[in-house]
$ cat my_file.cif   # mmCIF, C-alpha atoms
data_entry
#
loop_
_atom_site.label_atom_id
_atom_site.label_comp_id
_atom_site.auth_asym_id
_atom_site.auth_seq_id
_atom_site.Cartn_x
_atom_site.Cartn_y
_atom_site.Cartn_z
CA MET A 14 30.65 -50.63 31.30
CA LYS A 15 30.20 -49.49 34.89
CA PHE A 16 27.99 -46.58 36.01
CA THR A 17 27.96 -45.18 39.51
CA ARG A 18 25.99 -41.94 39.25
CA LYS A 19 22.24 -42.28 39.68
CA GLY A 20 19.50 -39.96 38.52
CA TYR A 21 16.54 -39.52 36.17
CA GLY A 22 17.06 -39.49 32.44
CA GLU A 23 15.67 -40.17 28.98
CA LEU A 24 17.08 -42.61 26.42
CA ARG A 25 16.85 -41.46 22.80
CA ARG A 26 18.04 -42.69 19.39
CA GLY A 27 18.32 -39.53 17.36
CA ASN A 28 15.02 -37.67 17.90
CA ASP A 29 13.11 -40.82 18.86
CA LEU A 30 12.31 -41.34 22.53
CA ILE A 31 13.06 -44.97 23.42
CA SER A 32 12.28 -44.95 27.13
CA ARG A 33 12.54 -43.10 30.41
CA HIS A 34 14.73 -44.64 33.10
CA THR A 35 15.70 -43.92 36.67
CA VAL A 36 19.34 -44.99 36.44
CA PRO A 37 21.94 -45.08 33.64
CA GLU A 38 22.45 -48.85 34.05
CA GLU A 39 18.91 -49.41 32.78
CA ALA A 40 19.54 -47.10 29.85
CA TYR A 41 22.52 -49.21 28.76
CA GLU A 42 20.56 -52.43 29.10
CA ARG A 43 17.61 -51.01 27.11
CA ALA A 44 19.92 -49.69 24.39
CA SER A 45 21.58 -53.11 24.10
CA ALA A 46 18.17 -54.73 23.74
CA GLU A 47 17.02 -52.21 21.10
CA GLY A 48 19.83 -52.99 18.69
CA GLU A 49 22.65 -51.38 16.76
CA GLY A 50 22.93 -47.61 16.86
CA THR A 51 24.03 -44.56 18.81
CA TYR A 52 21.89 -43.56 21.77
CA SER A 53 21.93 -40.50 24.02
CA TYR A 54 20.97 -40.46 27.67
CA ARG A 55 20.56 -37.34 29.81
CA PRO A 56 20.92 -36.10 32.47
CA PRO A 57 23.79 -36.75 32.98
CA SER A 58 24.87 -36.66 29.34
CA ILE A 59 25.97 -40.15 28.26
CA GLU A 60 26.50 -41.53 24.77
CA ILE A 61 25.91 -45.25 24.31
CA VAL A 62 27.15 -46.96 21.13
CA VAL A 63 25.73 -50.41 20.59
CA PRO A 64 27.68 -52.51 18.03
CA LYS A 65 26.17 -55.29 15.98
CA ALA A 66 27.50 -57.87 18.37
CA ALA A 67 25.30 -56.42 21.10
CA VAL A 68 22.14 -57.21 19.11
CA PRO A 69 20.52 -60.23 20.73
CA ALA A 70 19.75 -61.80 17.30
CA PRO A 71 22.31 -64.39 16.03
CA ALA A 72 25.04 -62.74 13.96
CA PRO A 73 25.35 -65.37 11.19
CA ASN A 74 21.75 -65.02 10.08
CA PRO A 75 21.21 -61.69 8.27
CA ALA A 76 17.44 -62.12 8.19
CA PRO A 77 16.76 -61.08 11.81
CA ALA A 78 18.67 -57.83 11.38
CA PRO A 79 15.90 -56.02 9.43
CA ALA A 80 13.24 -57.29 11.83
CA PRO A 81 13.61 -54.50 14.41
CA ALA A 82 13.51 -51.87 11.64
CA PRO A 83 9.75 -52.00 10.85
CA SER A 84 9.20 -50.85 14.46
CA PRO A 85 5.63 -52.13 15.02
CA SER A 86 6.75 -54.11 18.07
CA PRO A 87 9.40 -51.72 19.52
CA SER A 88 7.22 -48.65 18.81
CA PRO A 89 5.26 -48.84 22.11
CA ALA A 90 8.21 -46.97 23.69
CA PRO A 91 6.86 -43.46 22.90
CA ALA A 92 3.40 -44.35 24.25
CA PRO A 93 4.22 -43.75 27.97
CA SER A 94 4.79 -40.08 27.14
CA PRO A 95 1.46 -38.57 26.01
CA ALA A 96 2.60 -35.11 27.05
CA PRO A 97 3.81 -33.81 23.66
CA ALA A 98 0.43 -34.60 22.06
CA ALA A 99 -1.59 -33.16 24.95
CA ARG A 100 -3.29 -29.86 24.24
CA LEU A 101 -2.65 -26.44 25.70
CA LEU A 102 -5.84 -25.02 27.16
CA ARG A 103 -7.18 -21.49 26.78
CA ALA A 104 -10.21 -19.71 28.21
CA SER A 105 -12.02 -20.60 24.98
CA ASP A 106 -11.82 -24.25 26.08
CA LEU A 107 -13.83 -23.44 29.22
CA VAL A 108 -17.62 -23.35 29.02
CA TYR A 109 -19.37 -21.43 31.79
CA ARG A 110 -21.98 -23.70 33.37
CA GLY A 111 -23.25 -21.27 35.97
CA ARG A 112 -23.02 -20.59 39.68
CA PHE A 113 -24.18 -21.81 43.05
CA ALA A 114 -24.53 -19.98 46.33
CA ALA A 115 -22.86 -20.49 49.69
CA PRO A 116 -24.82 -22.20 52.48
CA LEU A 117 -26.61 -20.06 55.03
CA PRO A 118 -24.65 -19.18 58.18
CA ILE A 119 -24.72 -21.53 61.14
CA GLY A 120 -23.66 -18.73 63.49
CA ASP A 121 -22.76 -15.08 62.95
CA ASP A 122 -19.81 -12.81 62.28
CA GLY A 123 -18.95 -12.81 65.97
CA ASP A 124 -18.36 -16.55 66.32
CA GLY A 125 -17.13 -16.98 62.74
CA ARG A 126 -19.50 -19.84 61.84
CA THR A 127 -20.39 -18.27 58.53
CA LEU A 128 -18.94 -17.82 55.06
CA ASN A 129 -19.52 -14.07 55.31
CA TYR A 130 -16.20 -12.37 54.46
CA GLY A 131 -14.80 -15.82 53.72
CA GLY A 132 -14.77 -18.30 50.86
CA THR A 133 -11.01 -18.88 50.81
CA ALA A 134 -8.56 -21.83 50.77
CA LEU A 135 -10.77 -23.99 48.55
CA GLY A 136 -10.17 -27.76 48.50
CA LEU A 137 -11.99 -30.77 47.05
CA GLY A 138 -13.59 -33.28 49.43
CA ALA A 139 -12.70 -36.98 49.58
CA GLY A 140 -15.53 -38.11 47.27
CA GLY A 141 -15.03 -35.32 44.74
CA ASN A 142 -18.53 -33.95 45.35
CA THR A 143 -17.89 -31.64 48.32
CA LEU A 144 -15.68 -28.65 49.04
CA PHE A 145 -13.59 -27.69 52.04
CA VAL A 146 -13.58 -23.92 52.47
CA THR A 147 -12.50 -21.35 55.06
CA GLY A 148 -15.13 -19.06 56.58
CA HIS A 149 -15.07 -15.58 58.12
CA ASP A 150 -11.70 -13.91 57.63
CA HIS A 151 -11.31 -13.02 61.32
CA LYS A 152 -11.77 -16.59 62.60
CA GLN A 153 -10.26 -18.86 59.90
CA LEU A 154 -12.62 -21.76 60.62
CA SER A 155 -13.13 -24.54 58.07
CA CYS A 156 -16.32 -26.23 56.88
CA GLU A 157 -17.29 -28.79 54.26
CA ILE A 158 -20.13 -28.06 51.84
CA THR A 159 -21.96 -29.81 49.00
CA ILE A 160 -21.54 -28.96 45.30
CA PRO A 161 -25.03 -28.45 43.81
CA GLU A 162 -25.57 -28.40 40.06
CA PRO A 163 -24.95 -24.81 38.96
CA THR A 164 -27.44 -22.64 37.10
CA LEU A 165 -27.20 -19.81 34.59
CA ALA A 166 -30.33 -18.18 36.03
CA PRO A 167 -29.14 -14.77 37.29
CA ASN A 168 -31.18 -14.67 40.51
CA ASP A 169 -31.81 -18.32 41.28
CA ALA A 170 -28.46 -19.89 42.20
CA PRO A 171 -28.94 -23.18 44.10
CA ARG A 172 -27.57 -23.08 47.62
CA ALA A 173 -24.90 -25.46 48.89
CA GLN A 174 -25.50 -27.28 52.18
CA HIS A 175 -23.19 -27.93 55.10
CA VAL A 176 -21.71 -31.42 55.35
CA GLN A 177 -19.51 -30.43 58.29
CA GLY A 178 -20.00 -27.27 60.32
CA PHE A 179 -17.30 -24.79 61.28
CA PHE A 180 -14.24 -25.97 63.23
CA ASP A 181 -10.70 -24.74 63.77
CA PRO A 182 -8.72 -27.23 61.65
CA PHE A 183 -5.44 -25.90 63.03
CA VAL A 184 -6.52 -26.46 66.65
CA GLY A 185 -5.09 -23.10 67.67
CA ARG A 186 -1.73 -23.58 65.94
CA ILE A 187 -2.17 -21.55 62.76
CA GLY A 188 0.09 -18.79 64.11
CA ASP A 189 2.91 -21.28 64.68
CA VAL A 190 3.89 -21.06 61.01
CA ARG A 191 5.80 -17.99 62.17
CA PRO A 192 6.99 -18.10 65.80
CA GLY A 193 6.17 -14.91 67.66
CA ASN A 194 3.67 -13.98 64.97
CA ASP A 195 1.48 -11.04 65.94
CA GLU A 196 0.18 -10.11 62.49
CA GLY A 197 -2.32 -12.92 62.02
CA SER A 198 -2.19 -15.95 59.72
CA LYS A 199 -4.50 -17.13 56.96
CA ALA A 200 -5.51 -20.54 55.67
CA GLY A 201 -4.03 -21.06 52.22
CA GLY A 202 -5.60 -24.30 51.04
CA HIS A 203 -7.20 -27.66 51.81
CA LEU A 204 -6.21 -30.98 50.22
CA VAL A 205 -7.46 -34.52 50.80
CA ALA A 206 -4.64 -37.00 50.13
CA GLY A 207 -3.97 -40.47 51.49
CA GLY A 208 -7.14 -40.42 53.56
CA GLU A 209 -6.04 -37.31 55.46
CA LEU A 210 -6.75 -33.60 55.26
CA TRP A 211 -3.83 -31.30 54.58
CA MET A 212 -3.99 -27.54 55.17
CA SER A 213 -1.54 -24.75 54.45
CA ALA A 214 -1.25 -21.37 56.18
CA TRP A 215 0.62 -18.12 55.58
CA THR A 216 1.43 -15.11 57.71
CA TYR A 217 -0.53 -12.11 56.53
CA TYR A 218 2.16 -9.43 56.94
CA ASP A 219 5.65 -10.90 57.09
CA ALA A 220 7.90 -7.86 56.79
CA SER A 221 10.81 -9.75 58.39
CA GLY A 222 10.42 -12.75 56.08
CA THR A 223 10.56 -15.17 59.00
CA GLN A 224 7.69 -17.58 58.29
CA SER A 225 9.34 -20.93 58.98
CA ALA A 226 6.66 -23.59 58.26
CA SER A 227 3.62 -23.94 56.03
CA HIS A 228 1.59 -27.19 56.17
CA PHE A 229 -0.54 -29.19 58.61
CA ARG A 230 -1.97 -32.73 58.51
CA ARG A 231 -5.08 -33.96 60.29
CA SER A 232 -8.24 -36.08 60.13
CA ILE A 233 -10.85 -35.31 57.47
CA ASP A 234 -13.33 -35.16 60.35
CA LEU A 235 -13.07 -31.49 61.32
CA SER A 236 -14.40 -32.16 64.82
CA VAL A 237 -11.27 -34.14 65.72
CA ARG A 238 -9.09 -31.93 67.93
CA GLU A 239 -5.74 -33.28 66.80
CA VAL A 240 -3.35 -31.92 64.20
CA VAL A 241 0.24 -32.54 63.10
CA GLY A 242 2.20 -29.42 62.31
CA PRO A 243 3.07 -26.91 61.25
CA LEU A 244 5.45 -28.86 59.06
CA VAL A 245 8.40 -27.61 57.06
CA LEU A 246 8.49 -28.80 53.45
CA PRO A 247 12.22 -28.46 52.70
CA GLY A 248 13.39 -27.09 49.38
CA ALA A 249 11.28 -23.92 49.04
CA ARG A 250 10.44 -20.82 51.06
CA PRO A 251 7.48 -21.60 53.34
CA ARG A 252 5.53 -18.45 52.48
CA TRP A 253 5.84 -19.18 48.75
CA ILE A 254 4.16 -22.59 48.98
CA ALA A 255 1.60 -22.02 51.78
CA GLY A 256 -1.43 -21.80 49.50
CA ALA A 257 -3.52 -23.73 47.00
CA MET A 258 -2.85 -27.43 46.47
CA CYS A 259 -3.80 -29.67 43.55
CA GLU A 260 -3.06 -33.12 42.17
CA ILE A 261 -0.48 -33.68 39.43
CA PRO A 262 -1.81 -36.06 36.74
CA PRO A 263 -0.03 -39.46 36.94
CA GLU A 264 1.64 -39.03 33.55
CA TRP A 265 3.56 -35.99 34.81
CA ARG A 266 4.57 -37.09 38.30
CA ASP A 267 7.97 -38.58 37.47
CA ARG A 268 8.98 -35.54 35.46
CA PHE A 269 7.73 -33.07 38.06
CA GLY A 270 9.18 -34.97 40.99
CA GLY A 271 6.00 -35.10 43.06
CA THR A 272 2.33 -36.07 43.19
CA HIS A 273 0.85 -32.64 44.03
CA LEU A 274 1.48 -28.93 43.52
CA THR A 275 1.35 -26.31 46.26
CA GLY A 276 1.84 -22.55 46.00
CA ILE A 277 0.52 -19.01 46.44
CA ALA A 278 1.42 -15.56 45.12
CA GLY A 279 0.53 -11.91 45.52
CA LEU A 280 0.75 -11.54 49.32
CA PRO A 281 1.39 -8.38 51.33
CA ILE A 282 5.14 -7.67 51.57
CA VAL A 283 6.06 -8.85 48.10
CA SER A 284 9.74 -9.31 49.01
CA ALA A 285 8.63 -12.20 51.24
CA SER A 286 6.47 -13.85 48.57
CA SER A 287 6.64 -14.76 44.90
CA ALA A 288 6.25 -11.85 42.45
CA GLY A 289 4.38 -14.04 39.99
CA PRO A 290 2.54 -17.39 39.98
CA CYS A 291 4.26 -19.97 42.17
CA ALA A 292 4.11 -23.75 42.58
CA ALA A 293 6.29 -26.51 43.95
CA ALA A 294 5.96 -30.27 43.42
CA TRP A 295 5.72 -32.35 46.59
CA ASN A 296 4.43 -35.67 47.91
CA PRO A 297 2.07 -35.70 50.92
CA GLN A 298 3.09 -39.33 51.52
CA ASP A 299 6.70 -38.19 52.02
CA PRO A 300 6.53 -34.64 53.45
CA ALA A 301 10.11 -34.79 54.72
CA ALA A 302 11.44 -35.04 51.15
CA SER A 303 12.55 -31.85 49.44
CA VAL A 304 9.98 -30.16 47.25
CA ARG A 305 10.84 -28.91 43.77
CA LEU A 306 10.03 -25.28 43.02
CA LEU A 307 8.82 -25.31 39.41
CA VAL A 308 7.50 -21.75 39.06
CA GLY A 309 8.40 -18.78 41.28
CA TYR A 310 9.72 -15.25 41.05
CA PRO A 311 11.93 -13.37 43.53
CA LEU A 312 11.23 -9.64 43.55
CA ASP A 313 14.33 -8.84 41.49
CA LYS A 314 13.15 -11.38 38.88
CA SER A 315 9.44 -10.52 38.93
CA LEU A 316 7.24 -11.88 36.15
CA SER A 317 6.59 -8.23 35.24
CA TYR A 318 10.11 -7.94 33.83
CA GLN A 319 9.28 -10.46 31.11
CA TYR A 320 6.50 -8.10 30.01
CA GLY A 321 8.47 -4.89 29.79
CA GLY A 322 8.60 -3.90 33.45
CA ALA A 323 11.63 -1.96 34.65
CA PRO A 324 13.73 -3.70 37.35
CA ASP A 325 13.51 -0.61 39.58
CA GLN A 326 9.69 -0.45 39.30
CA PRO A 327 8.28 -3.82 40.40
CA GLY A 328 4.85 -2.24 40.98
CA GLY A 329 3.89 0.10 38.19
CA GLN A 330 1.53 -0.60 35.33
CA ASN A 331 2.17 -3.97 33.75
CA PRO A 332 -0.06 -6.21 31.62
CA ALA A 333 1.08 -9.40 33.36
CA TRP A 334 1.89 -8.71 37.00
CA ASN A 335 1.98 -5.84 39.45
CA LEU A 336 1.64 -5.41 43.19
CA THR A 337 -2.15 -5.83 42.98
CA SER A 338 -1.93 -9.24 41.27
CA THR A 339 -2.83 -12.43 43.15
CA VAL A 340 -3.00 -16.19 42.65
CA ARG A 341 -5.25 -18.24 44.96
CA GLY A 342 -5.99 -21.40 42.95
CA ILE A 343 -4.04 -23.96 40.89
CA VAL A 344 -5.51 -26.58 38.51
CA PHE A 345 -3.80 -29.18 36.33
CA PRO A 346 -6.40 -30.91 34.11
CA PRO A 347 -5.41 -34.49 33.11
CA GLY A 348 -4.86 -35.01 29.41
CA SER A 349 -3.50 -31.49 28.99
CA ARG A 350 -0.14 -29.77 29.22
CA SER A 351 -1.73 -26.83 31.01
CA VAL A 352 -1.28 -25.71 34.59
CA GLY A 353 -3.69 -22.87 35.36
CA PHE A 354 -2.98 -20.31 38.09
CA ILE A 355 -6.22 -18.50 38.94
CA GLY A 356 -6.41 -15.09 40.59
CA THR A 357 -6.90 -11.37 40.02
CA HIS A 358 -5.05 -8.43 38.47
CA GLY A 359 -5.38 -4.66 38.48
CA THR A 360 -5.39 -3.23 34.96
CA GLY A 361 -5.57 0.50 35.71
CA PRO A 362 -3.03 3.10 36.85
CA TYR A 363 -0.89 1.78 39.68
CA CYS A 364 -1.19 3.75 42.90
CA TYR A 365 -0.20 3.35 46.53
CA GLY A 366 -2.47 5.01 49.07
CA GLY A 367 -6.08 4.99 50.20
CA GLY A 368 -8.90 4.07 47.86
CA ASP A 369 -10.11 7.66 47.70
CA GLU A 370 -6.62 8.89 46.82
CA CYS A 371 -6.21 6.26 44.11
CA GLY A 372 -9.70 6.47 42.59
CA ASP A 373 -10.56 2.92 43.65
CA PRO A 374 -14.24 2.45 44.61
CA GLU A 375 -13.77 -1.27 45.33
CA ASN A 376 -10.93 -1.10 47.84
CA MET A 377 -10.89 1.79 50.29
CA TYR A 378 -7.98 0.49 52.38
CA LYS A 379 -4.52 2.00 52.22
CA GLY A 380 -2.23 -0.09 50.06
CA THR A 381 -1.69 -0.94 46.41
CA HIS A 382 -4.37 -0.08 43.84
CA ALA A 383 -4.80 -0.45 40.07
CA TYR A 384 -8.55 -0.11 39.49
CA PRO A 385 -10.31 -1.64 37.54
CA TYR A 386 -9.60 -5.29 38.36
CA VAL A 387 -10.16 -8.52 36.43
CA TYR A 388 -10.37 -12.24 37.17
CA ARG A 389 -7.79 -14.16 35.22
CA VAL A 390 -5.93 -17.42 34.65
CA TYR A 391 -2.20 -17.67 33.96
CA TRP A 392 -1.61 -20.71 31.71
CA TYR A 393 1.78 -22.44 32.00
CA ASP A 394 3.07 -25.24 29.77
CA ALA A 395 3.83 -28.33 31.86
CA GLU A 396 6.69 -29.12 29.49
CA GLN A 397 8.41 -25.92 30.55
CA MET A 398 7.85 -26.73 34.22
CA ALA A 399 9.31 -30.20 33.64
CA ARG A 400 12.42 -28.53 32.26
CA VAL A 401 12.75 -26.67 35.55
CA ALA A 402 12.46 -29.98 37.41
CA ALA A 403 15.22 -31.38 35.17
CA GLY A 404 17.51 -28.44 35.99
CA GLU A 405 17.41 -26.95 32.49
CA LEU A 406 15.62 -23.75 33.56
CA GLN A 407 15.31 -21.68 36.73
CA PRO A 408 11.80 -21.25 38.18
CA TRP A 409 11.77 -17.53 37.28
CA GLU A 410 12.74 -18.24 33.66
CA THR A 411 9.32 -19.72 32.96
CA LYS A 412 6.60 -17.62 31.37
CA PRO A 413 2.87 -18.15 30.78
CA TYR A 414 2.04 -19.21 27.25
CA ALA A 415 -1.23 -17.28 27.69
CA ILE A 416 -2.97 -15.00 30.19
CA ASP A 417 -6.76 -15.05 29.89
CA GLU A 418 -9.50 -13.10 31.61
CA LEU A 419 -12.36 -15.10 33.12
CA PRO A 420 -15.91 -13.90 32.40
CA ILE A 421 -17.13 -13.76 36.00
CA LEU A 422 -19.74 -11.07 36.66
CA ARG A 423 -19.55 -9.13 39.91
CA LEU A 424 -21.55 -6.76 42.03
CA ASP A 425 -20.89 -3.06 41.61
CA ALA A 426 -18.52 -1.58 44.20
CA GLN A 427 -17.58 -5.07 45.47
CA ALA A 428 -13.94 -6.12 45.53
CA VAL A 429 -12.69 -8.45 42.81
CA ASP A 430 -11.24 -11.27 44.87
CA ILE A 431 -10.66 -14.97 44.16
CA GLY A 432 -10.83 -17.16 47.26
CA GLY A 433 -9.66 -20.36 45.58
CA ALA A 434 -10.15 -22.78 42.70
CA VAL A 435 -10.30 -26.56 42.40
CA LEU A 436 -10.62 -29.14 39.65
CA ALA A 437 -13.60 -31.49 40.13
CA GLY A 438 -13.62 -34.02 37.31
CA ASN A 439 -13.67 -31.98 34.10
CA ARG A 440 -14.99 -28.89 35.87
CA ILE A 441 -13.16 -25.99 37.48
CA ILE A 442 -14.92 -24.48 40.51
CA ILE A 443 -13.90 -20.95 41.46
CA ALA A 444 -14.81 -19.20 44.71
CA GLN A 445 -15.64 -15.54 44.13
CA ARG A 446 -15.41 -13.64 47.39
CA TYR A 447 -18.12 -10.98 47.85
CA GLY A 448 -20.09 -12.54 45.00
CA GLN A 449 -23.35 -11.97 46.92
CA GLY A 450 -22.71 -9.08 49.25
CA ALA A 451 -20.48 -10.40 52.04
CA MET A 452 -21.05 -14.00 50.93
CA PRO A 453 -18.98 -15.86 48.34
CA LEU A 454 -20.43 -17.19 45.10
CA PHE A 455 -19.10 -20.31 43.38
CA HIS A 456 -18.66 -20.38 39.59
CA VAL A 457 -18.34 -23.54 37.49
CA PHE A 458 -16.46 -23.86 34.20
CA GLU A 459 -16.44 -27.10 32.20
CA ILE A 460 -13.43 -28.09 30.13
CA THR A 461 -14.61 -28.94 26.63
CA ALA A 462 -13.74 -32.22 24.92
CA GLU A 463 -10.87 -31.92 22.50
#
$ encode --input "my_file.cif" --output "structure tokens"
Amino acid sequence: MKFTRKGYGELRRGNDLISRHTVPEEAYERASAEGEGTYSYRPPSIEIVVPKAAVPAPAPNPAPAPAPAPSPSPSPAPAPSPAPAARLLRASDLVYRGRFAAPLPIGDDGDGRTLNYGGTALGLGAGGNTLFVTGHDHKQLSCEITIPEPTLAPNDAPRAQHVQGFFDPFVGRIGDVRPGNDEGSKAGGHLVAGGELWMSAWTYYDASGTQSASHFRRSIDLSVREVVGPLVLPGARPRWIAGAMCEIPPEWRDRFGGTHLTGIAGLPIVSASSAGPCAAAWNPQDPAASVRLLVGYPLDKSLSYQYGGAPDQPGGQNPAWNLTSTVRGIVFPPGSRSVGFIGTHGTGPYCYGGGDECGDPENMYKGTHAYPYVYRVYWYDAEQMARVAAGELQPWETKPYAIDELPILRLDAQAVDIGGAVLAGNRIIIAQRYGQGAMPLFHVFEITAE
């Protein structure tokens, strides 16, 4: 039998998974080695019938025929796929371990060498015990800080220290993600991969929808004045993926089609961003390869519609998503089937206008309001995202299996705003902007053992 089409597929005998293969030829060879039976392989859909003659055991001797049946030796085939047995996480699986404070400023608000009005674009350092984070909102400078052991003491949070001071990681090119940009750009995330530091950036107000690139690559040493980018990651809209980045556990990489996730949601001008959590699979070692959008919602297919929202009212009051909702962090804990999108959501009456008009004491600016606001995590099943990668679902046909609020305390009259989230071992670290006045506060949740 000759096969010419190549692609990814699974070989099954009935409901039993025999193996995963990259090309149909291997599926036929594996089926022949397994023994008599009818096998299915998809995609593409292929039926393979193996007659008795194809069984490697000698035909005249009936004794070997039952040998494959007990299945102790062939049974290792299902082992490479731990996904079905992996658990789905909920907020009840997260134990709050406490908080730690941002380091003291090196400079001031004028030169931007401070985390005042910052605490965004969180990324894990190379050793797993530091954080990359963006400082003052007006300057978009990056620094690297330590991760002290958190405390539950309400007024005694240990303070992180600077490992690297504040530098412009984009070397003046952040605005190049949108040529002719005059609205300002923001850092979306930091990621250490392959011994290099990756950053993403998004245009703050992209009414024309013309952001054309999203990612940069550079040395981990922030003082180095060299950067590659902005780069275009083909296969997804740049402004949809110019945010948080996280590692995909090894057991899911083949099915997702990448080694890392990247995405952002809830940006000004919703028609130019995803109207719901968003993530694409990509490989920093091959940035020219097309990314795979696994979760993402055009405005006319907003996540809100899956929760009773009317197609002509994408804002409005909605329990899942409205125009005040954001996602600024993505985590994918190994050993689970859960991808967590971490951000904020307005639970009150939806209103467009100034804070005084809309009864919003936390946000006085003109825009979208739905006071009061909550911190939350949108949990997605990795199996469903893998179905998108396989072409069985569209990215907007996915839906969270749970939406949980996170018990993060906040100061009165301070905005509820997530700056980012990262997975550090079995702990999730979340940057709470304005957690201590103008300074961010970092909260630590530990994932419980199963």
$ closest_residue --input "my_file.cif" --among "A:Asn439, A:Pro413, A:Asp430, A:Leu312" --to "Gly359 in chain A" --atoms "only C-alpha atoms"
A:Asp430
$ atom_distance --input "my_file.cif" --atom1 "CA of Gly404 in chain A" --atom2 "CA of Leu102 in chain A"
25.2 Å
$ atom_distance --input "my_file.cif" --atom1 "CA of Ser287 in chain A" --atom2 "CA of Asn335 in chain A"
11.4 Å
$ atom_distance --input "my_file.cif" --atom1 "CA of Asn296 in chain A" --atom2 "CA of Asp181 in chain A"
24.5 Å
$ closest_residue --input "my_file.cif" --among "A:Ile261, A:Val283, A:Ser105, A:Ala278" --to "Ala220 in chain A" --atoms "all atoms listed in the file"
A:Val283
$ closest_residue --input "my_file.cif" --among "A:Gly271, A:Gly125, A:Pro163, A:Pro311" --to "Trp295 in chain A" --atoms "only C-alpha atoms"
A:Gly271
$ resolve_selection --input "my_file.cif" --expression "the PyMOL selection byres ((chain A and resi 198-201) around 8)" --output "ChimeraX atom specification"
/A:133-134,147,150,153,187-188,196-197,202-203,212-217,255-257,277,341
$ resolve_selection --input "my_file.cif" --expression "the PyMOL selection byres ((chain A and resi 373) around 10)" --output "ChimeraX atom specification"
/A:361,364,366-372,374-378,382-386,426,428
$ resolve_selection --input "my_file.cif" --expression "the PyMOL selection byres ((chain A and resi 166) around 12)" --output "NGL selection string"
:A and (110-114 or 162-165 or 167-171)
$ residues_around --input "my_file.cif" --residues "Ser303 in chain A" --least-positions-apart "2" --cutoff "10 Å" --atoms "only C-alpha atoms" --output "PyMOL selection string"
chain A and resi 245-249+270-271+293-296+299-301+305-306
$ closest_residue --input "my_file.cif" --among "A:Phe180, A:Tyr318, A:Tyr365, A:Tyr393" --to "Gly380 in chain A" --atoms "all atoms listed in the file"
A:Tyr365
$ closest_residue --input "my_file.cif" --among "A:Gly321, A:Pro251, A:Pro182, A:Gly309" --to "Glu410 in chain A" --atoms "all atoms listed in the file"
A:Gly309
$ closest_residue --input "my_file.cif" --among "A:Gln397, A:Gln445, A:Ala437, A:Tyr320" --to "Gly356 in chain A" --atoms "only C-alpha atoms"
A:Gln445
$ residues_around --input "my_file.cif" --residues "range 399-401 of chain A" --least-positions-apart "3" --cutoff "10 Å" --atoms "only C-alpha atoms" --output "MDAnalysis selection string"
chainID A and resid 265:270 305:308 394:396 404:411
$ residues_around --input "my_file.cif" --residues "Pro116 in chain A" --least-positions-apart "6" --cutoff "8 Å" --atoms "only C-alpha atoms" --output "ChimeraX atom specification"
/A:128,158,172-175
$ residues_around --input "my_file.cif" --residues "Thr223 in chain A" --least-positions-apart "3" --cutoff "12 Å" --atoms "only C-alpha atoms" --output "PDB file with C-alpha atoms, in the frame of the given file"
ATOM      1  CA  ASP A 189       2.910 -21.280  64.680  1.00  0.00           C
ATOM      2  CA  VAL A 190       3.890 -21.060  61.010  1.00  0.00           C
ATOM      3  CA  ARG A 191       5.800 -17.990  62.170  1.00  0.00           C
ATOM      4  CA  PRO A 192       6.990 -18.100  65.800  1.00  0.00           C
ATOM      5  CA  GLY A 193       6.170 -14.910  67.660  1.00  0.00           C
ATOM      6  CA  ASN A 194       3.670 -13.980  64.970  1.00  0.00           C
ATOM      7  CA  TRP A 215       0.620 -18.120  55.580  1.00  0.00           C
ATOM      8  CA  THR A 216       1.430 -15.110  57.710  1.00  0.00           C
ATOM      9  CA  TYR A 217      -0.530 -12.110  56.530  1.00  0.00           C
ATOM     10  CA  TYR A 218       2.160  -9.430  56.940  1.00  0.00           C
ATOM     11  CA  ASP A 219       5.650 -10.900  57.090  1.00  0.00           C
ATOM     12  CA  ALA A 220       7.900  -7.860  56.790  1.00  0.00           C
ATOM     13  CA  ALA A 226       6.660 -23.590  58.260  1.00  0.00           C
ATOM     14  CA  SER A 227       3.620 -23.940  56.030  1.00  0.00           C
ATOM     15  CA  ARG A 250      10.440 -20.820  51.060  1.00  0.00           C
ATOM     16  CA  PRO A 251       7.480 -21.600  53.340  1.00  0.00           C
ATOM     17  CA  ARG A 252       5.530 -18.450  52.480  1.00  0.00           C
ATOM     18  CA  TRP A 253       5.840 -19.180  48.750  1.00  0.00           C
ATOM     19  CA  ILE A 282       5.140  -7.670  51.570  1.00  0.00           C
ATOM     20  CA  SER A 284       9.740  -9.310  49.010  1.00  0.00           C
ATOM     21  CA  ALA A 285       8.630 -12.200  51.240  1.00  0.00           C
ATOM     22  CA  SER A 286       6.470 -13.850  48.570  1.00  0.00           C
TER      23      SER A 286
END
